[in-house]
>>> print(open('work-v3.tsv').read())   # TSV, C-alpha atoms
chain	number	residue	atom	x	y	z
A	13	MET	CA	-16.75	5.88	-27.91
A	14	GLU	CA	-13.67	3.69	-27.37
A	15	VAL	CA	-13.29	1.39	-24.36
A	16	TRP	CA	-9.73	1.34	-22.99
A	17	PHE	CA	-8.17	-0.63	-20.13
A	18	GLN	CA	-5.13	0.56	-18.17
A	19	ASP	CA	-2.78	-0.89	-15.57
A	20	GLU	CA	0.87	-0.93	-14.58
A	21	ALA	CA	3.34	-3.68	-13.75
A	22	ARG	CA	6.59	-3.65	-11.80
A	23	VAL	CA	9.59	-5.21	-13.51
A	24	GLY	CA	12.93	-5.38	-11.80
A	25	GLN	CA	15.91	-7.16	-10.41
A	26	ARG	CA	13.80	-9.03	-7.90
A	27	GLY	CA	11.90	-10.63	-10.75
A	28	THR	CA	9.83	-13.65	-11.55
A	29	VAL	CA	11.12	-17.21	-11.73
A	30	SER	CA	9.02	-19.38	-14.01
A	31	ARG	CA	8.98	-22.97	-15.18
A	32	ILE	CA	11.47	-24.05	-17.82
A	33	TRP	CA	11.96	-27.19	-19.89
A	34	ALA	CA	14.72	-29.51	-18.72
A	35	GLN	CA	15.89	-33.04	-19.33
A	36	LYS	CA	14.06	-35.60	-17.19
A	37	GLY	CA	15.88	-36.32	-13.97
A	38	THR	CA	17.77	-33.00	-13.90
A	39	ARG	CA	17.18	-30.00	-11.65
A	40	PRO	CA	18.05	-26.84	-13.55
A	41	ARG	CA	19.24	-23.93	-11.46
A	42	LEU	CA	17.93	-20.41	-11.97
A	43	VAL	CA	19.34	-17.30	-10.39
A	44	GLN	CA	17.01	-14.85	-8.71
A	45	GLN	CA	18.48	-11.45	-7.94
A	46	GLN	CA	18.12	-9.92	-4.52
A	47	GLN	CA	18.50	-6.24	-5.50
A	48	PHE	CA	15.50	-3.92	-5.70
A	49	THR	CA	16.05	-1.72	-8.79
A	50	ALA	CA	12.83	-1.68	-10.82
A	51	ALA	CA	10.78	0.11	-13.45
A	52	TYR	CA	7.05	0.21	-14.10
A	53	ILE	CA	5.34	-0.49	-17.41
A	54	PHE	CA	2.23	1.67	-17.74
A	55	GLY	CA	0.10	-0.07	-20.37
A	56	ALA	CA	-3.26	0.71	-21.92
A	57	ILE	CA	-5.18	-1.10	-24.63
A	58	CYS	CA	-8.27	-0.65	-26.74
A	59	PRO	CA	-9.05	-4.25	-27.76
A	60	LYS	CA	-11.77	-3.38	-30.29
A	61	ASN	CA	-9.34	-1.30	-32.38
A	62	SER	CA	-6.18	-3.20	-31.32
A	63	LYS	CA	-4.62	0.05	-30.12
A	64	THR	CA	-2.02	0.28	-27.38
A	65	ALA	CA	-0.32	3.04	-25.40
A	66	GLY	CA	2.68	2.23	-23.24
A	67	LEU	CA	5.15	4.08	-21.06
A	68	ILE	CA	8.07	2.98	-18.86
A	69	MET	CA	8.55	4.97	-15.64
A	70	PRO	CA	10.80	4.63	-12.58
A	71	LYS	CA	7.82	4.85	-10.19
A	72	ALA	CA	4.08	4.23	-10.25
A	73	ASN	CA	2.70	7.57	-9.12
A	74	THR	CA	0.57	10.56	-10.16
A	75	GLU	CA	3.29	12.00	-12.42
A	76	GLY	CA	3.59	8.73	-14.33
A	77	MET	CA	-0.19	8.42	-14.61
A	78	GLN	CA	-0.45	11.98	-15.96
A	79	GLN	CA	2.13	11.27	-18.65
A	80	HIS	CA	0.35	8.03	-19.52
A	81	LEU	CA	-3.03	9.80	-19.77
A	82	ASP	CA	-1.47	12.30	-22.19
A	83	ILE	CA	-0.17	9.45	-24.37
A	84	ILE	CA	-3.53	7.64	-24.30
A	85	SER	CA	-5.33	10.88	-25.16
A	86	ALA	CA	-3.12	11.34	-28.22
A	87	THR	CA	-3.78	7.72	-29.28
A	88	VAL	CA	-7.59	7.90	-29.05
A	89	THR	CA	-9.21	8.24	-32.47
A	90	PRO	CA	-9.86	11.92	-33.24
A	91	SER	CA	-13.50	12.91	-32.61
A	92	LYS	CA	-13.94	9.87	-30.30
A	93	HIS	CA	-14.11	9.76	-26.52
A	94	ALA	CA	-12.31	7.11	-24.43
A	95	LEU	CA	-13.78	5.33	-21.43
A	96	LEU	CA	-10.64	4.33	-19.52
A	97	THR	CA	-11.13	1.44	-17.10
A	98	VAL	CA	-8.63	1.46	-14.21
A	99	ASP	CA	-8.18	-0.20	-10.85
A	100	ARG	CA	-8.45	1.84	-7.67
A	101	ALA	CA	-4.79	2.76	-7.19
A	102	ALA	CA	-4.49	6.18	-5.56
A	103	TRP	CA	-2.70	7.73	-8.56
A	104	HIS	CA	-5.53	6.68	-10.90
A	105	LEU	CA	-8.25	8.53	-9.04
A	106	THR	CA	-6.49	11.55	-7.54
A	107	THR	CA	-7.87	15.03	-8.20
A	108	LYS	CA	-4.30	16.15	-8.96
A	109	LEU	CA	-4.61	14.64	-12.46
A	110	ASP	CA	-5.27	17.07	-15.30
A	111	MET	CA	-7.79	14.91	-17.17
A	112	PRO	CA	-7.70	15.17	-20.96
A	113	THR	CA	-11.07	16.23	-22.39
A	114	ASN	CA	-11.36	13.07	-24.50
A	115	ILE	CA	-10.98	10.61	-21.58
A	116	THR	CA	-13.37	9.59	-18.80
A	117	ILE	CA	-12.04	7.31	-16.06
A	118	MET	CA	-14.17	4.42	-14.81
A	119	PRO	CA	-12.76	2.60	-11.77
A	120	LEU	CA	-13.29	-1.13	-11.44
A	121	PRO	CA	-14.94	-2.54	-8.32
A	122	PRO	CA	-12.47	-3.16	-5.46
A	123	TYR	CA	-10.51	-6.43	-5.51
A	124	SER	CA	-11.45	-7.38	-9.06
A	125	PRO	CA	-8.26	-7.58	-11.13
A	126	GLU	CA	-9.82	-10.34	-13.24
A	127	LEU	CA	-12.00	-7.67	-14.89
A	128	ASN	CA	-8.96	-5.87	-16.28
A	129	PRO	CA	-7.54	-7.65	-19.36
A	130	VAL	CA	-4.23	-5.80	-19.03
A	131	GLU	CA	-3.49	-8.17	-16.13
A	132	GLN	CA	-3.32	-10.98	-18.71
A	133	ILE	CA	-0.77	-9.01	-20.70
A	134	TRP	CA	1.49	-8.86	-17.65
A	135	GLN	CA	1.11	-12.62	-17.16
A	136	GLN	CA	2.04	-13.28	-20.78
A	137	LEU	CA	5.02	-10.90	-20.75
A	138	ARG	CA	6.30	-12.43	-17.52
A	139	ARG	CA	5.97	-15.94	-19.00
A	140	THR	CA	7.76	-15.06	-22.22
A	141	ASP	CA	10.01	-12.00	-21.95
A	142	LEU	CA	10.45	-10.84	-18.38
A	143	SER	CA	11.04	-13.96	-16.25
A	144	ASN	CA	14.24	-15.86	-15.43
A	145	ARG	CA	16.42	-12.80	-16.05
A	146	CYS	CA	19.20	-11.00	-14.25
A	147	PHE	CA	19.39	-7.28	-14.97
A	148	LYS	CA	22.68	-5.37	-14.71
A	149	ASN	CA	21.10	-1.99	-14.06
A	150	TYR	CA	18.05	0.24	-14.50
A	151	ASP	CA	18.83	0.97	-18.17
A	152	GLU	CA	18.76	-2.73	-19.00
A	153	ILE	CA	15.41	-3.12	-17.20
A	154	VAL	CA	13.96	-0.25	-19.25
A	155	SER	CA	15.36	-1.67	-22.49
A	156	VAL	CA	13.88	-5.14	-21.86
A	157	CYS	CA	10.51	-3.62	-20.84
A	158	CYS	CA	10.42	-1.54	-24.04
A	159	GLN	CA	11.24	-4.56	-26.19
A	160	ALA	CA	8.60	-6.72	-24.48
A	161	TRP	CA	5.83	-4.08	-24.68
A	162	ASN	CA	6.62	-3.10	-28.27
A	163	ALA	CA	6.67	-6.73	-29.42
A	164	PHE	CA	3.25	-7.25	-27.84
A	165	ALA	CA	1.85	-3.96	-29.19
A	166	LYS	CA	2.94	-4.80	-32.77
A	167	CYS	CA	0.79	-7.92	-32.81
A	168	ALA	CA	-2.75	-6.56	-33.31
A	169	GLU	CA	-4.18	-10.09	-33.22
A	170	ALA	CA	-2.68	-10.72	-29.76
A	171	VAL	CA	-4.07	-7.43	-28.45
A	172	HIS	CA	-7.54	-8.26	-29.75
A	173	SER	CA	-7.68	-11.96	-28.83
A	174	LEU	CA	-6.05	-11.70	-25.39
A	175	CYS	CA	-7.82	-8.55	-24.25
A	176	SER	CA	-11.32	-8.49	-25.76
A	177	ARG	CA	-14.24	-8.86	-23.39
A	178	GLN	CA	-17.78	-9.41	-24.64
A	179	TRP	CA	-19.21	-7.17	-21.92
A	180	ALA	CA	-16.92	-4.28	-22.97
A	181	LEU	CA	-17.74	-4.22	-26.69
A	182	LEU	CA	-19.76	-1.24	-27.82
A	183	LYS	CA	-22.10	-1.65	-30.74
>>> encode(input="work-v3.tsv", output="structure tokens")
Amino acid sequence: MEVWFQDEARVGQRGTVSRIWAQKGTRPRLVQQQQFTAAYIFGAICPKNSKTAGLIMPKANTEGMQQHLDIISATVTPSKHALLTVDRAAWHLTTKLDMPTNITIMPLPPYSPELNPVEQIWQQLRRTDLSNRCFKNYDEIVSVCCQAWNAFAKCAEAVHSLCSRQWALLK
């Protein structure tokens, strides 16, 4: 059995403004776009094995979730079964999904994002790679999302240390 966590994050032109270092006594100016073009990072992690599965989609919906489930299913260790922990978004729990045989979905209790460690990944990516940016177009948003997710996914230690939960470890 492998325990996986899944979530998605919106990244777009109406992005995040975060703190920056500046010389004392100065007030640095940051531009925040007012357009609405965005993409969604679908991310899943298995902290115990430091595995990740990511996908960038134009919308968060059933079609995107189905494609993400297929990627997760292919990433699960052969002969193992994945317990995929998700929030209660409609596209996570719809009967329209064609569930892979090696995945079982377990929804989190309502209003409990703190139980999903993928939320911390989004916080880290917004702090480091995705904030204080102006995007020219959708292609640039997708490119930056891919770079940010792939950089995170390459660092097995970050996946394990940031996302492990004692209550989720199987013996």
>>> residues_around(input="work-v3.tsv", residues="A:Ala21", least_positions_apart="5", cutoff="12 Å", atoms="only C-alpha atoms", output="MDAnalysis selection string")
chainID A and resid 27 50:56 66:72 130:138 142 157 161
>>> residues_near_point(input="work-v3.tsv", point="(-2.9, 8.9, -20.9)", cutoff="10 Å", atoms="only C-alpha atoms", output="count of residues only")
24
>>> atom_distance(input="work-v3.tsv", atom1="atom CA of A:Asn149", atom2="atom CA of A:Ala101")
27.2 Å
>>> atom_distance(input="work-v3.tsv", atom1="atom CA of A:Cys146", atom2="atom CA of A:Phe164")
21.3 Å
>>> atom_distance(input="work-v3.tsv", atom1="atom CA of A:Cys58", atom2="atom CA of A:Ser155")
24.0 Å
>>> decode(input="work-v3.tsv", residues="stretch 158-181 of chain A", atoms="N, CA and C atoms", output="PDB file, in the first residue's frame")
ATOM      1  N   CYS A 158       5.580  24.385 -14.972  1.00  0.00           N
ATOM      2  CA  CYS A 158       6.354  23.159 -15.218  1.00  0.00           C
ATOM      3  C   CYS A 158       7.730  23.240 -14.562  1.00  0.00           C
ATOM      4  N   GLN A 159       8.396  24.366 -14.718  1.00  0.00           N
ATOM      5  CA  GLN A 159       9.714  24.533 -14.109  1.00  0.00           C
ATOM      6  C   GLN A 159       9.634  24.433 -12.591  1.00  0.00           C
ATOM      7  N   ALA A 160       8.644  25.097 -11.998  1.00  0.00           N
ATOM      8  CA  ALA A 160       8.510  25.089 -10.539  1.00  0.00           C
ATOM      9  C   ALA A 160       8.210  23.686 -10.023  1.00  0.00           C
ATOM     10  N   TRP A 161       7.241  22.998 -10.643  1.00  0.00           N
ATOM     11  CA  TRP A 161       6.887  21.646 -10.185  1.00  0.00           C
ATOM     12  C   TRP A 161       8.055  20.678 -10.384  1.00  0.00           C
ATOM     13  N   ASN A 162       8.693  20.720 -11.545  1.00  0.00           N
ATOM     14  CA  ASN A 162       9.793  19.790 -11.814  1.00  0.00           C
ATOM     15  C   ASN A 162      10.980  20.015 -10.879  1.00  0.00           C
ATOM     16  N   ALA A 163      11.261  21.270 -10.557  1.00  0.00           N
ATOM     17  CA  ALA A 163      12.349  21.556  -9.617  1.00  0.00           C
ATOM     18  C   ALA A 163      12.023  20.978  -8.246  1.00  0.00           C
ATOM     19  N   PHE A 164      10.778  21.125  -7.808  1.00  0.00           N
ATOM     20  CA  PHE A 164      10.375  20.548  -6.531  1.00  0.00           C
ATOM     21  C   PHE A 164      10.428  19.021  -6.584  1.00  0.00           C
ATOM     22  N   ALA A 165       9.901  18.433  -7.646  1.00  0.00           N
ATOM     23  CA  ALA A 165       9.813  16.975  -7.759  1.00  0.00           C
ATOM     24  C   ALA A 165      11.188  16.309  -7.814  1.00  0.00           C
ATOM     25  N   LYS A 166      12.186  17.018  -8.335  1.00  0.00           N
ATOM     26  CA  LYS A 166      13.543  16.456  -8.423  1.00  0.00           C
ATOM     27  C   LYS A 166      14.200  16.300  -7.059  1.00  0.00           C
ATOM     28  N   CYS A 167      13.766  17.093  -6.100  1.00  0.00           N
ATOM     29  CA  CYS A 167      14.391  17.090  -4.781  1.00  0.00           C
ATOM     30  C   CYS A 167      13.642  16.120  -3.856  1.00  0.00           C
ATOM     31  N   ALA A 168      14.067  14.873  -3.852  1.00  0.00           N
ATOM     32  CA  ALA A 168      13.396  13.831  -3.059  1.00  0.00           C
ATOM     33  C   ALA A 168      13.375  14.195  -1.576  1.00  0.00           C
ATOM     34  N   GLU A 169      14.422  14.838  -1.091  1.00  0.00           N
ATOM     35  CA  GLU A 169      14.474  15.221   0.322  1.00  0.00           C
ATOM     36  C   GLU A 169      13.385  16.249   0.656  1.00  0.00           C
ATOM     37  N   ALA A 170      13.139  17.190  -0.256  1.00  0.00           N
ATOM     38  CA  ALA A 170      12.090  18.190  -0.029  1.00  0.00           C
ATOM     39  C   ALA A 170      10.716  17.529  -0.013  1.00  0.00           C
ATOM     40  N   VAL A 171      10.491  16.599  -0.927  1.00  0.00           N
ATOM     41  CA  VAL A 171       9.210  15.888  -0.970  1.00  0.00           C
ATOM     42  C   VAL A 171       8.991  15.165   0.350  1.00  0.00           C
ATOM     43  N   HIS A 172      10.000  14.452   0.810  1.00  0.00           N
ATOM     44  CA  HIS A 172       9.862  13.667   2.038  1.00  0.00           C
ATOM     45  C   HIS A 172       9.725  14.563   3.278  1.00  0.00           C
ATOM     46  N   SER A 173      10.610  15.553   3.422  1.00  0.00           N
ATOM     47  CA  SER A 173      10.599  16.354   4.648  1.00  0.00           C
ATOM     48  C   SER A 173       9.398  17.291   4.730  1.00  0.00           C
ATOM     49  N   LEU A 174       9.000  17.885   3.617  1.00  0.00           N
ATOM     50  CA  LEU A 174       7.891  18.835   3.627  1.00  0.00           C
ATOM     51  C   LEU A 174       6.535  18.140   3.727  1.00  0.00           C
ATOM     52  N   CYS A 175       6.437  16.934   3.203  1.00  0.00           N
ATOM     53  CA  CYS A 175       5.119  16.305   3.037  1.00  0.00           C
ATOM     54  C   CYS A 175       4.849  15.094   3.915  1.00  0.00           C
ATOM     55  N   SER A 176       5.811  14.591   4.633  1.00  0.00           N
ATOM     56  CA  SER A 176       5.570  13.409   5.471  1.00  0.00           C
ATOM     57  C   SER A 176       4.699  13.762   6.665  1.00  0.00           C
ATOM     58  N   ARG A 177       3.820  12.865   6.992  1.00  0.00           N
ATOM     59  CA  ARG A 177       2.959  12.988   8.166  1.00  0.00           C
ATOM     60  C   ARG A 177       3.035  11.681   8.936  1.00  0.00           C
ATOM     61  N   GLN A 178       3.289  11.765  10.220  1.00  0.00           N
ATOM     62  CA  GLN A 178       3.422  10.568  11.052  1.00  0.00           C
ATOM     63  C   GLN A 178       2.172   9.702  10.981  1.00  0.00           C
ATOM     64  N   TRP A 179       1.000  10.327  10.981  1.00  0.00           N
ATOM     65  CA  TRP A 179      -0.247   9.582  10.977  1.00  0.00           C
ATOM     66  C   TRP A 179      -0.509   8.869   9.666  1.00  0.00           C
ATOM     67  N   ALA A 180       0.227   9.248   8.589  1.00  0.00           N
ATOM     68  CA  ALA A 180      -0.011   8.659   7.266  1.00  0.00           C
ATOM     69  C   ALA A 180       1.005   7.587   6.904  1.00  0.00           C
ATOM     70  N   LEU A 181       1.992   7.341   7.759  1.00  0.00           N
ATOM     71  CA  LEU A 181       3.013   6.341   7.433  1.00  0.00           C
ATOM     72  C   LEU A 181       2.497   4.939   7.722  1.00  0.00           C
TER      73      LEU A 181
END
